[in-house]
$ cat coords01.cif   # mmCIF, C-alpha atoms
data_model
loop_
_atom_site.group_PDB
_atom_site.id
_atom_site.type_symbol
_atom_site.label_atom_id
_atom_site.label_comp_id
_atom_site.auth_asym_id
_atom_site.auth_seq_id
_atom_site.Cartn_x
_atom_site.Cartn_y
_atom_site.Cartn_z
ATOM 1 C CA MET M 1435 -9.411 -27.245 8.811
ATOM 2 C CA PRO M 1436 -6.142 -26.293 7.034
ATOM 3 C CA ARG M 1437 -7.728 -27.129 3.638
ATOM 4 C CA GLN M 1438 -10.698 -24.844 4.402
ATOM 5 C CA THR M 1439 -8.424 -21.975 5.425
ATOM 6 C CA ASP M 1440 -6.308 -22.556 2.333
ATOM 7 C CA THR M 1441 -9.358 -22.513 0.034
ATOM 8 C CA ARG M 1442 -10.661 -19.366 1.671
ATOM 9 C CA THR M 1443 -7.291 -17.618 1.364
ATOM 10 C CA ARG M 1444 -6.746 -18.750 -2.221
ATOM 11 C CA ALA M 1445 -10.247 -17.583 -3.184
ATOM 12 C CA ARG M 1446 -9.653 -14.219 -1.523
ATOM 13 C CA ASP M 1447 -6.290 -13.760 -3.221
ATOM 14 C CA GLU M 1448 -7.623 -14.821 -6.632
ATOM 15 C CA PHE M 1449 -10.573 -12.452 -6.271
ATOM 16 C CA ALA M 1450 -8.175 -9.620 -5.329
ATOM 17 C CA HIS M 1451 -5.976 -10.321 -8.343
ATOM 18 C CA ARG M 1452 -8.930 -10.364 -10.731
ATOM 19 C CA LEU M 1453 -10.539 -7.345 -9.086
ATOM 20 C CA ALA M 1454 -7.357 -5.312 -9.643
ATOM 21 C CA ASP M 1455 -7.230 -6.396 -13.286
ATOM 22 C CA TYR M 1456 -10.906 -6.413 -14.320
ATOM 23 C CA GLY M 1457 -12.942 -4.516 -11.745
ATOM 24 C CA TYR M 1458 -15.859 -5.813 -9.711
ATOM 25 C CA LEU M 1459 -18.154 -6.503 -12.638
ATOM 26 C CA GLY M 1460 -15.356 -8.389 -14.427
ATOM 27 C CA VAL M 1461 -15.008 -10.967 -11.648
ATOM 28 C CA SER M 1462 -17.239 -14.036 -11.572
ATOM 29 C CA LEU M 1463 -17.509 -16.674 -8.898
ATOM 30 C CA ASP M 1464 -17.349 -19.310 -11.643
ATOM 31 C CA ASP M 1465 -13.901 -18.055 -12.637
ATOM 32 C CA ILE M 1466 -12.759 -17.901 -9.011
ATOM 33 C CA ALA M 1467 -13.960 -21.466 -8.365
ATOM 34 C CA LYS M 1468 -12.105 -22.752 -11.443
ATOM 35 C CA ALA M 1469 -8.930 -20.882 -10.519
ATOM 36 C CA VAL M 1470 -8.828 -22.310 -6.995
ATOM 37 C CA ASP M 1471 -10.012 -25.731 -8.165
ATOM 38 C CA VAL M 1472 -13.207 -25.989 -6.128
ATOM 39 C CA LYS M 1473 -16.884 -26.189 -6.954
ATOM 40 C CA LYS M 1474 -18.812 -22.933 -6.927
ATOM 41 C CA ALA M 1475 -20.898 -24.338 -4.062
ATOM 42 C CA SER M 1476 -17.718 -24.553 -2.020
ATOM 43 C CA LEU M 1477 -17.211 -20.799 -2.441
ATOM 44 C CA TYR M 1478 -20.710 -20.256 -1.045
ATOM 45 C CA HIS M 1479 -19.764 -22.499 1.879
ATOM 46 C CA HIS M 1480 -16.796 -20.225 2.653
ATOM 47 C CA PHE M 1481 -18.568 -17.001 1.665
ATOM 48 C CA PRO M 1482 -22.322 -17.486 2.215
ATOM 49 C CA GLY M 1483 -23.000 -13.966 0.987
ATOM 50 C CA GLY M 1484 -21.538 -14.785 -2.434
ATOM 51 C CA LYS M 1485 -19.604 -12.242 -4.434
ATOM 52 C CA PRO M 1486 -20.231 -9.298 -2.076
ATOM 53 C CA ALA M 1487 -19.002 -11.356 0.894
ATOM 54 C CA LEU M 1488 -15.848 -12.353 -0.963
ATOM 55 C CA PHE M 1489 -15.318 -8.722 -1.949
ATOM 56 C CA MET M 1490 -15.699 -7.667 1.702
ATOM 57 C CA GLU M 1491 -13.013 -10.190 2.658
ATOM 58 C CA VAL M 1492 -10.694 -8.752 -0.006
ATOM 59 C CA ALA M 1493 -11.363 -5.159 1.054
ATOM 60 C CA ASP M 1494 -10.817 -5.979 4.727
ATOM 61 C CA HIS M 1495 -7.583 -7.868 4.030
ATOM 62 C CA TYR M 1496 -6.231 -5.085 1.793
ATOM 63 C CA THR M 1497 -7.118 -2.360 4.280
ATOM 64 C CA ASN M 1498 -5.507 -4.225 7.196
ATOM 65 C CA GLU M 1499 -2.306 -4.923 5.241
ATOM 66 C CA ALA M 1500 -2.072 -1.365 3.924
ATOM 67 C CA ALA M 1501 -2.769 0.084 7.390
ATOM 68 C CA ALA M 1502 0.069 -2.000 8.857
ATOM 69 C CA LEU M 1503 2.441 -0.699 6.156
ATOM 70 C CA LEU M 1504 1.252 2.834 6.819
ATOM 71 C CA GLN M 1505 1.788 2.497 10.573
ATOM 72 C CA ASN M 1506 5.277 1.152 9.917
ATOM 73 C CA ALA M 1507 6.112 4.184 7.736
ATOM 74 C CA LEU M 1508 4.627 6.618 10.256
ATOM 75 C CA ALA M 1509 6.674 5.009 13.042
ATOM 76 C CA THR M 1510 9.851 6.146 11.289
ATOM 77 C CA PRO M 1511 11.865 8.172 13.777
ATOM 78 C CA GLY M 1512 12.658 11.775 13.009
ATOM 79 C CA THR M 1513 10.909 14.749 11.528
ATOM 80 C CA LEU M 1514 7.716 15.112 9.538
ATOM 81 C CA ARG M 1515 9.853 14.959 6.383
ATOM 82 C CA ASP M 1516 11.358 11.633 7.482
ATOM 83 C CA LYS M 1517 7.903 10.135 8.039
ATOM 84 C CA LEU M 1518 6.592 11.465 4.730
ATOM 85 C CA LEU M 1519 9.671 10.109 2.938
ATOM 86 C CA ALA M 1520 9.062 6.668 4.407
ATOM 87 C CA LEU M 1521 5.437 6.806 3.315
ATOM 88 C CA ALA M 1522 6.199 8.051 -0.207
ATOM 89 C CA ALA M 1523 8.992 5.470 -0.545
ATOM 90 C CA SER M 1524 6.529 2.685 0.177
ATOM 91 C CA TYR M 1525 4.564 3.807 -2.892
ATOM 92 C CA ALA M 1526 7.688 4.308 -5.014
ATOM 93 C CA HIS M 1527 8.912 0.809 -4.165
ATOM 94 C CA GLY M 1528 5.550 -0.709 -5.119
ATOM 95 C CA THR M 1529 4.571 -1.719 -1.599
ATOM 96 C CA TYR M 1530 0.947 -0.621 -2.025
ATOM 97 C CA ASN M 1531 -1.272 -2.182 -4.666
ATOM 98 C CA SER M 1532 -2.750 1.004 -6.102
ATOM 99 C CA ALA M 1533 -4.742 -0.857 -8.773
ATOM 100 C CA LEU M 1534 -6.480 -2.949 -6.116
ATOM 101 C CA SER M 1535 -7.076 0.093 -3.929
ATOM 102 C CA ASN M 1536 -8.706 1.937 -6.834
ATOM 103 C CA GLN M 1537 -10.893 -1.034 -7.745
ATOM 104 C CA ILE M 1538 -12.028 -1.437 -4.142
ATOM 105 C CA TYR M 1539 -13.042 2.218 -4.182
ATOM 106 C CA TYR M 1540 -14.947 1.853 -7.469
ATOM 107 C CA ALA M 1541 -16.589 -1.418 -6.422
ATOM 108 C CA ILE M 1542 -18.282 -0.144 -3.283
ATOM 109 C CA ARG M 1543 -21.099 1.300 -5.401
ATOM 110 C CA HIS M 1544 -22.172 -2.310 -6.035
ATOM 111 C CA LEU M 1545 -22.600 -3.051 -2.325
ATOM 112 C CA ASP M 1546 -25.527 -2.452 -0.022
ATOM 113 C CA ASP M 1547 -25.443 0.595 2.261
ATOM 114 C CA ASP M 1548 -24.171 -1.285 5.319
ATOM 115 C CA GLN M 1549 -21.334 -2.953 3.401
ATOM 116 C CA ARG M 1550 -20.385 0.334 1.723
ATOM 117 C CA ALA M 1551 -20.273 2.063 5.098
ATOM 118 C CA GLU M 1552 -18.186 -0.745 6.616
ATOM 119 C CA VAL M 1553 -15.563 -0.601 3.842
ATOM 120 C CA SER M 1554 -15.471 3.201 3.882
ATOM 121 C CA HIS M 1555 -15.125 3.461 7.664
ATOM 122 C CA ALA M 1556 -12.358 0.844 7.773
ATOM 123 C CA TYR M 1557 -10.470 2.625 4.988
ATOM 124 C CA VAL M 1558 -10.731 6.024 6.675
ATOM 125 C CA ARG M 1559 -9.853 4.624 10.111
ATOM 126 C CA GLY M 1560 -6.872 2.617 8.872
ATOM 127 C CA LEU M 1561 -5.471 4.690 6.024
ATOM 128 C CA ILE M 1562 -6.689 8.273 6.187
ATOM 129 C CA GLN M 1563 -7.003 9.084 9.891
ATOM 130 C CA PRO M 1564 -3.384 8.241 10.821
ATOM 131 C CA VAL M 1565 -2.077 10.594 8.115
ATOM 132 C CA THR M 1566 -4.634 13.243 9.130
ATOM 133 C CA ASP M 1567 -3.393 12.945 12.728
ATOM 134 C CA LEU M 1568 0.217 13.362 11.528
ATOM 135 C CA MET M 1569 -0.751 16.494 9.589
ATOM 136 C CA ALA M 1570 -2.696 17.893 12.568
ATOM 137 C CA GLN M 1571 0.350 17.432 14.760
ATOM 138 C CA ALA M 1572 2.582 19.104 12.143
ATOM 139 C CA VAL M 1573 0.183 22.057 11.876
ATOM 140 C CA ALA M 1574 0.080 22.375 15.680
ATOM 141 C CA THR M 1575 3.882 22.382 15.956
ATOM 142 C CA GLY M 1576 4.347 24.793 13.051
ATOM 143 C CA GLU M 1577 6.002 22.257 10.736
ATOM 144 C CA LEU M 1578 3.148 22.933 8.296
ATOM 145 C CA ARG M 1579 1.170 26.122 7.751
ATOM 146 C CA GLN M 1580 -2.331 26.478 9.154
ATOM 147 C CA ALA M 1581 -4.545 24.342 6.944
ATOM 148 C CA ASP M 1582 -7.165 21.653 7.341
ATOM 149 C CA PRO M 1583 -5.277 18.465 8.339
ATOM 150 C CA GLY M 1584 -7.758 16.314 6.407
ATOM 151 C CA PHE M 1585 -7.079 18.293 3.252
ATOM 152 C CA LEU M 1586 -3.320 18.049 3.788
ATOM 153 C CA ALA M 1587 -3.531 14.295 4.365
ATOM 154 C CA THR M 1588 -5.651 13.728 1.276
ATOM 155 C CA ALA M 1589 -3.380 15.937 -0.854
ATOM 156 C CA PHE M 1590 -0.248 14.113 0.254
ATOM 157 C CA MET M 1591 -1.753 10.633 -0.123
ATOM 158 C CA GLU M 1592 -3.085 11.435 -3.603
ATOM 159 C CA LEU M 1593 0.315 12.798 -4.623
ATOM 160 C CA ALA M 1594 2.127 9.772 -3.172
ATOM 161 C CA ALA M 1595 -0.295 7.376 -4.875
ATOM 162 C CA THR M 1596 0.730 8.710 -8.297
ATOM 163 C CA VAL M 1597 4.250 7.417 -7.749
ATOM 164 C CA HIS M 1598 4.900 4.008 -9.226
ATOM 165 C CA PRO M 1599 8.117 2.025 -9.249
ATOM 166 C CA PRO M 1600 10.222 3.227 -12.191
ATOM 167 C CA GLN M 1601 10.016 0.821 -15.138
ATOM 168 C CA ASP M 1602 13.272 1.761 -16.828
ATOM 169 C CA ASP M 1603 15.332 2.171 -13.670
ATOM 170 C CA CYS M 1604 14.250 -0.321 -11.006
ATOM 171 C CA THR M 1605 16.965 0.591 -8.530
ATOM 172 C CA THR M 1606 16.282 1.500 -4.959
ATOM 173 C CA ALA M 1607 17.986 4.841 -5.582
ATOM 174 C CA ALA M 1608 15.541 5.698 -8.394
ATOM 175 C CA ALA M 1609 12.532 4.838 -6.230
ATOM 176 C CA ASP M 1610 13.951 6.844 -3.321
ATOM 177 C CA ARG M 1611 14.491 9.823 -5.659
ATOM 178 C CA LEU M 1612 10.820 9.666 -6.659
ATOM 179 C CA ALA M 1613 9.825 9.627 -2.991
ATOM 180 C CA GLN M 1614 12.023 12.666 -2.329
ATOM 181 C CA ASP M 1615 10.451 14.496 -5.272
ATOM 182 C CA VAL M 1616 6.956 13.824 -3.900
ATOM 183 C CA VAL M 1617 7.857 15.040 -0.420
ATOM 184 C CA ASP M 1618 9.662 18.119 -1.752
ATOM 185 C CA LEU M 1619 6.681 18.980 -3.938
ATOM 186 C CA PHE M 1620 4.316 18.586 -0.994
ATOM 187 C CA LEU M 1621 6.437 20.540 1.502
ATOM 188 C CA ARG M 1622 7.828 23.260 -0.806
ATOM 189 C CA GLY M 1623 5.453 23.446 -3.752
ATOM 190 C CA ALA M 1624 6.249 23.347 -7.452
ATOM 191 C CA GLY M 1625 7.726 26.835 -7.758
ATOM 192 C CA PRO M 1626 11.383 27.428 -8.543
ATOM 193 C CA GLU M 1627 13.832 26.860 -5.737
ATOM 194 C CA THR M 1628 14.864 30.029 -3.975
ATOM 195 C CA PRO M 1629 18.393 30.594 -2.707
#

$ encode --input "coords01.cif" --output "structure tokens"
Amino acid sequence: MPRQTDTRTRARDEFAHRLADYGYLGVSLDDIAKAVDVKKASLYHHFPGGKPALFMEVADHYTNEAAALLQNALATPGTLRDKLLALAASYAHGTYNSALSNQIYYAIRHLDDDQRAEVSHAYVRGLIQPVTDLMAQAVATGELRQADPGFLATAFMELAATVHPPQDDCTTAAADRLAQDVVDLFLRGAGPETP
């Protein structure tokens, strides 16, 4: 049993790595089998649905891991700003795999309707709805102006997702500064600071 679990996990992780690098169409089960040192038939034993089933495993694993990180950031004590800083910092420190997230999004067009719906619903439930709920609460308490909480959540998450760990300055301070810039831009806009 441990060998089967190990093969399944290694296949999932290898598929995720290749998906992030090459996209769905650039991943073959032959390459995955070679990389994890099993026969292709063994992959079908673990994932009877073939490539789509392995993709679903990757998407589910990514969404669950990212949702746990998101919940951890949103559990930060303090104000809305504190929670948003924790969330933006997780992007700035490279906690989220944005390349994999993007490829999962692009790949769902290659799935059947039921699989596409399953991935989409899990993503919204785990990664969008908690931020939408935070924004709804902030609108209700007056921390944010009256606006659609879904729009606010999407705007913040898209802005945060553009932040990548700094290449030339890999310090924690540099990543935290990027997170602060994202939150300031979201909460105050891009206009000049007023006294």

$ residues_near_point --input "coords01.cif" --point "(2.6, 4.6, 9.5)" --cutoff "10 Å" --atoms "all atoms listed in the file" --output "CSV table (one decimal) with C-alpha atoms, in the frame of the given file"
chain,number,residue,atom,x,y,z
M,1500,ALA,CA,-2.1,-1.4,3.9
M,1501,ALA,CA,-2.8,0.1,7.4
M,1502,ALA,CA,0.1,-2.0,8.9
M,1503,LEU,CA,2.4,-0.7,6.2
M,1504,LEU,CA,1.3,2.8,6.8
M,1505,GLN,CA,1.8,2.5,10.6
M,1506,ASN,CA,5.3,1.2,9.9
M,1507,ALA,CA,6.1,4.2,7.7
M,1508,LEU,CA,4.6,6.6,10.3
M,1509,ALA,CA,6.7,5.0,13.0
M,1510,THR,CA,9.9,6.1,11.3
M,1517,LYS,CA,7.9,10.1,8.0
M,1518,LEU,CA,6.6,11.5,4.7
M,1520,ALA,CA,9.1,6.7,4.4
M,1521,LEU,CA,5.4,6.8,3.3
M,1560,GLY,CA,-6.9,2.6,8.9
M,1561,LEU,CA,-5.5,4.7,6.0
M,1564,PRO,CA,-3.4,8.2,10.8
M,1565,VAL,CA,-2.1,10.6,8.1
M,1568,LEU,CA,0.2,13.4,11.5

$ atom_distance --input "coords01.cif" --atom1 "CA of Gly1457 in chain M" --atom2 "CA of Glu1499 in chain M"
20.0 Å

$ axis_aligned_box --input "coords01.cif" --around "range 1535-1549 of chain M" --padding-each-side "5 Å" --output "AutoDock Vina command-line options"
--center_x -16.3 --center_y -0.4 --center_z -1.2 --size_x 28.5 --size_y 15.3 --size_z 23.1

$ closest_residue --input "coords01.cif" --among "M:Gly1625, M:Glu1592, M:Gly1483, M:Ser1476" --to "Gln1549 in chain M" --atoms "only C-alpha atoms"
M:Gly1483

$ closest_residue --input "coords01.cif" --among "M:Ser1524, M:Gln1537, M:Ser1532, M:Thr1513" --to "Phe1449 in chain M" --atoms "all atoms listed in the file"
M:Gln1537

$ resolve_selection --input "coords01.cif" --expression "the PyMOL selection byres ((chain M and resi 1541) around 10)" --output "PyMOL selection string"
chain M and resi 1453+1457-1459+1486+1489+1493+1535-1540+1542-1545+1550

$ atom_distance --input "coords01.cif" --atom1 "CA of Val1597 in chain M" --atom2 "CA of Tyr1525 in chain M"
6.1 Å

$ resolve_selection --input "coords01.cif" --expression "the PyMOL selection byres ((chain M and resi 1620) around 12)" --output "short mmCIF file (atom, residue, chain, number, x, y, z; two decimals) with C-alpha atoms, in the frame of the given file"
data_model
loop_
_atom_site.label_atom_id
_atom_site.label_comp_id
_atom_site.auth_asym_id
_atom_site.auth_seq_id
_atom_site.Cartn_x
_atom_site.Cartn_y
_atom_site.Cartn_z
CA LEU M 1514 7.72 15.11 9.54
CA ARG M 1515 9.85 14.96 6.38
CA LEU M 1518 6.59 11.46 4.73
CA LEU M 1519 9.67 10.11 2.94
CA ALA M 1522 6.20 8.05 -0.21
CA MET M 1569 -0.75 16.49 9.59
CA LEU M 1578 3.15 22.93 8.30
CA ARG M 1579 1.17 26.12 7.75
CA LEU M 1586 -3.32 18.05 3.79
CA ALA M 1587 -3.53 14.30 4.36
CA THR M 1588 -5.65 13.73 1.28
CA ALA M 1589 -3.38 15.94 -0.85
CA PHE M 1590 -0.25 14.11 0.25
CA MET M 1591 -1.75 10.63 -0.12
CA GLU M 1592 -3.08 11.44 -3.60
CA LEU M 1593 0.32 12.80 -4.62
CA ALA M 1594 2.13 9.77 -3.17
CA ALA M 1613 9.82 9.63 -2.99
CA GLN M 1614 12.02 12.67 -2.33
CA ASP M 1615 10.45 14.50 -5.27
CA VAL M 1616 6.96 13.82 -3.90
CA VAL M 1617 7.86 15.04 -0.42
CA ASP M 1618 9.66 18.12 -1.75
CA LEU M 1619 6.68 18.98 -3.94
CA LEU M 1621 6.44 20.54 1.50
CA ARG M 1622 7.83 23.26 -0.81
CA GLY M 1623 5.45 23.45 -3.75
CA ALA M 1624 6.25 23.35 -7.45
CA GLY M 1625 7.73 26.84 -7.76
#

$ build_atoms --input "coords01.cif" --residues "range 1495-1517 of chain M" --atoms "N, CA, C and O atoms" --output "compact mmCIF listing (two decimals), in the coordinates of the input"
# COMPACT_ATOMS: atom_id res chain seq x y z
N HIS M 1495 -8.98 -7.41 4.04
CA HIS M 1495 -7.58 -7.87 4.03
C HIS M 1495 -6.66 -6.78 3.49
O HIS M 1495 -5.61 -6.49 4.07
N TYR M 1496 -7.05 -6.15 2.37
CA TYR M 1496 -6.23 -5.08 1.79
C TYR M 1496 -6.07 -3.93 2.78
O TYR M 1496 -4.96 -3.44 2.99
N THR M 1497 -7.17 -3.50 3.37
CA THR M 1497 -7.12 -2.36 4.28
C THR M 1497 -6.23 -2.67 5.49
O THR M 1497 -5.43 -1.82 5.90
N ASN M 1498 -6.35 -3.85 6.04
CA ASN M 1498 -5.51 -4.22 7.20
C ASN M 1498 -4.03 -4.27 6.82
O ASN M 1498 -3.18 -3.79 7.58
N GLU M 1499 -3.71 -4.86 5.67
CA GLU M 1499 -2.31 -4.92 5.24
C GLU M 1499 -1.76 -3.53 4.97
O GLU M 1499 -0.65 -3.19 5.38
N ALA M 1500 -2.52 -2.71 4.25
CA ALA M 1500 -2.07 -1.36 3.92
C ALA M 1500 -1.94 -0.51 5.19
O ALA M 1500 -1.00 0.29 5.31
N ALA M 1501 -2.85 -0.68 6.14
CA ALA M 1501 -2.77 0.08 7.39
C ALA M 1501 -1.52 -0.30 8.18
O ALA M 1501 -0.88 0.57 8.78
N ALA M 1502 -1.15 -1.57 8.17
CA ALA M 1502 0.07 -2.00 8.86
C ALA M 1502 1.30 -1.38 8.20
O ALA M 1502 2.22 -0.92 8.89
N LEU M 1503 1.32 -1.33 6.87
CA LEU M 1503 2.44 -0.70 6.16
C LEU M 1503 2.49 0.80 6.48
O LEU M 1503 3.57 1.36 6.68
N LEU M 1504 1.33 1.41 6.50
CA LEU M 1504 1.25 2.83 6.82
C LEU M 1504 1.77 3.11 8.23
O LEU M 1504 2.57 4.03 8.44
N GLN M 1505 1.33 2.32 9.19
CA GLN M 1505 1.79 2.50 10.57
C GLN M 1505 3.30 2.32 10.68
O GLN M 1505 3.97 3.05 11.42
N ASN M 1506 3.83 1.37 9.93
CA ASN M 1506 5.28 1.15 9.92
C ASN M 1506 6.00 2.40 9.39
O ASN M 1506 7.00 2.83 9.96
N ALA M 1507 5.49 2.97 8.30
CA ALA M 1507 6.11 4.18 7.74
C ALA M 1507 6.00 5.35 8.71
O ALA M 1507 6.95 6.11 8.91
N LEU M 1508 4.83 5.50 9.34
CA LEU M 1508 4.63 6.62 10.26
C LEU M 1508 5.42 6.46 11.55
O LEU M 1508 5.63 7.44 12.27
N ALA M 1509 5.85 5.25 11.84
CA ALA M 1509 6.67 5.01 13.04
C ALA M 1509 8.15 5.33 12.80
O ALA M 1509 8.96 5.22 13.72
N THR M 1510 8.47 5.77 11.60
CA THR M 1510 9.85 6.15 11.29
C THR M 1510 10.27 7.26 12.24
O THR M 1510 9.57 8.27 12.37
N PRO M 1511 11.42 7.10 12.88
CA PRO M 1511 11.86 8.17 13.78
C PRO M 1511 12.29 9.41 12.99
O PRO M 1511 12.67 9.31 11.83
N GLY M 1512 12.19 10.55 13.63
CA GLY M 1512 12.66 11.78 13.01
C GLY M 1512 11.56 12.79 12.80
O GLY M 1512 10.53 12.78 13.48
N THR M 1513 11.78 13.61 11.81
CA THR M 1513 10.91 14.75 11.53
C THR M 1513 9.70 14.34 10.68
O THR M 1513 9.61 13.20 10.21
N LEU M 1514 8.85 15.31 10.44
CA LEU M 1514 7.72 15.11 9.54
C LEU M 1514 8.23 14.67 8.17
O LEU M 1514 7.70 13.74 7.57
N ARG M 1515 9.28 15.31 7.69
CA ARG M 1515 9.85 14.96 6.38
C ARG M 1515 10.29 13.49 6.36
O ARG M 1515 10.04 12.79 5.37
N ASP M 1516 10.91 13.03 7.42
CA ASP M 1516 11.36 11.63 7.48
C ASP M 1516 10.17 10.67 7.37
O ASP M 1516 10.23 9.66 6.67
N LYS M 1517 9.10 10.99 8.06
CA LYS M 1517 7.90 10.14 8.04
C LYS M 1517 7.26 10.16 6.65
O LYS M 1517 6.85 9.11 6.12
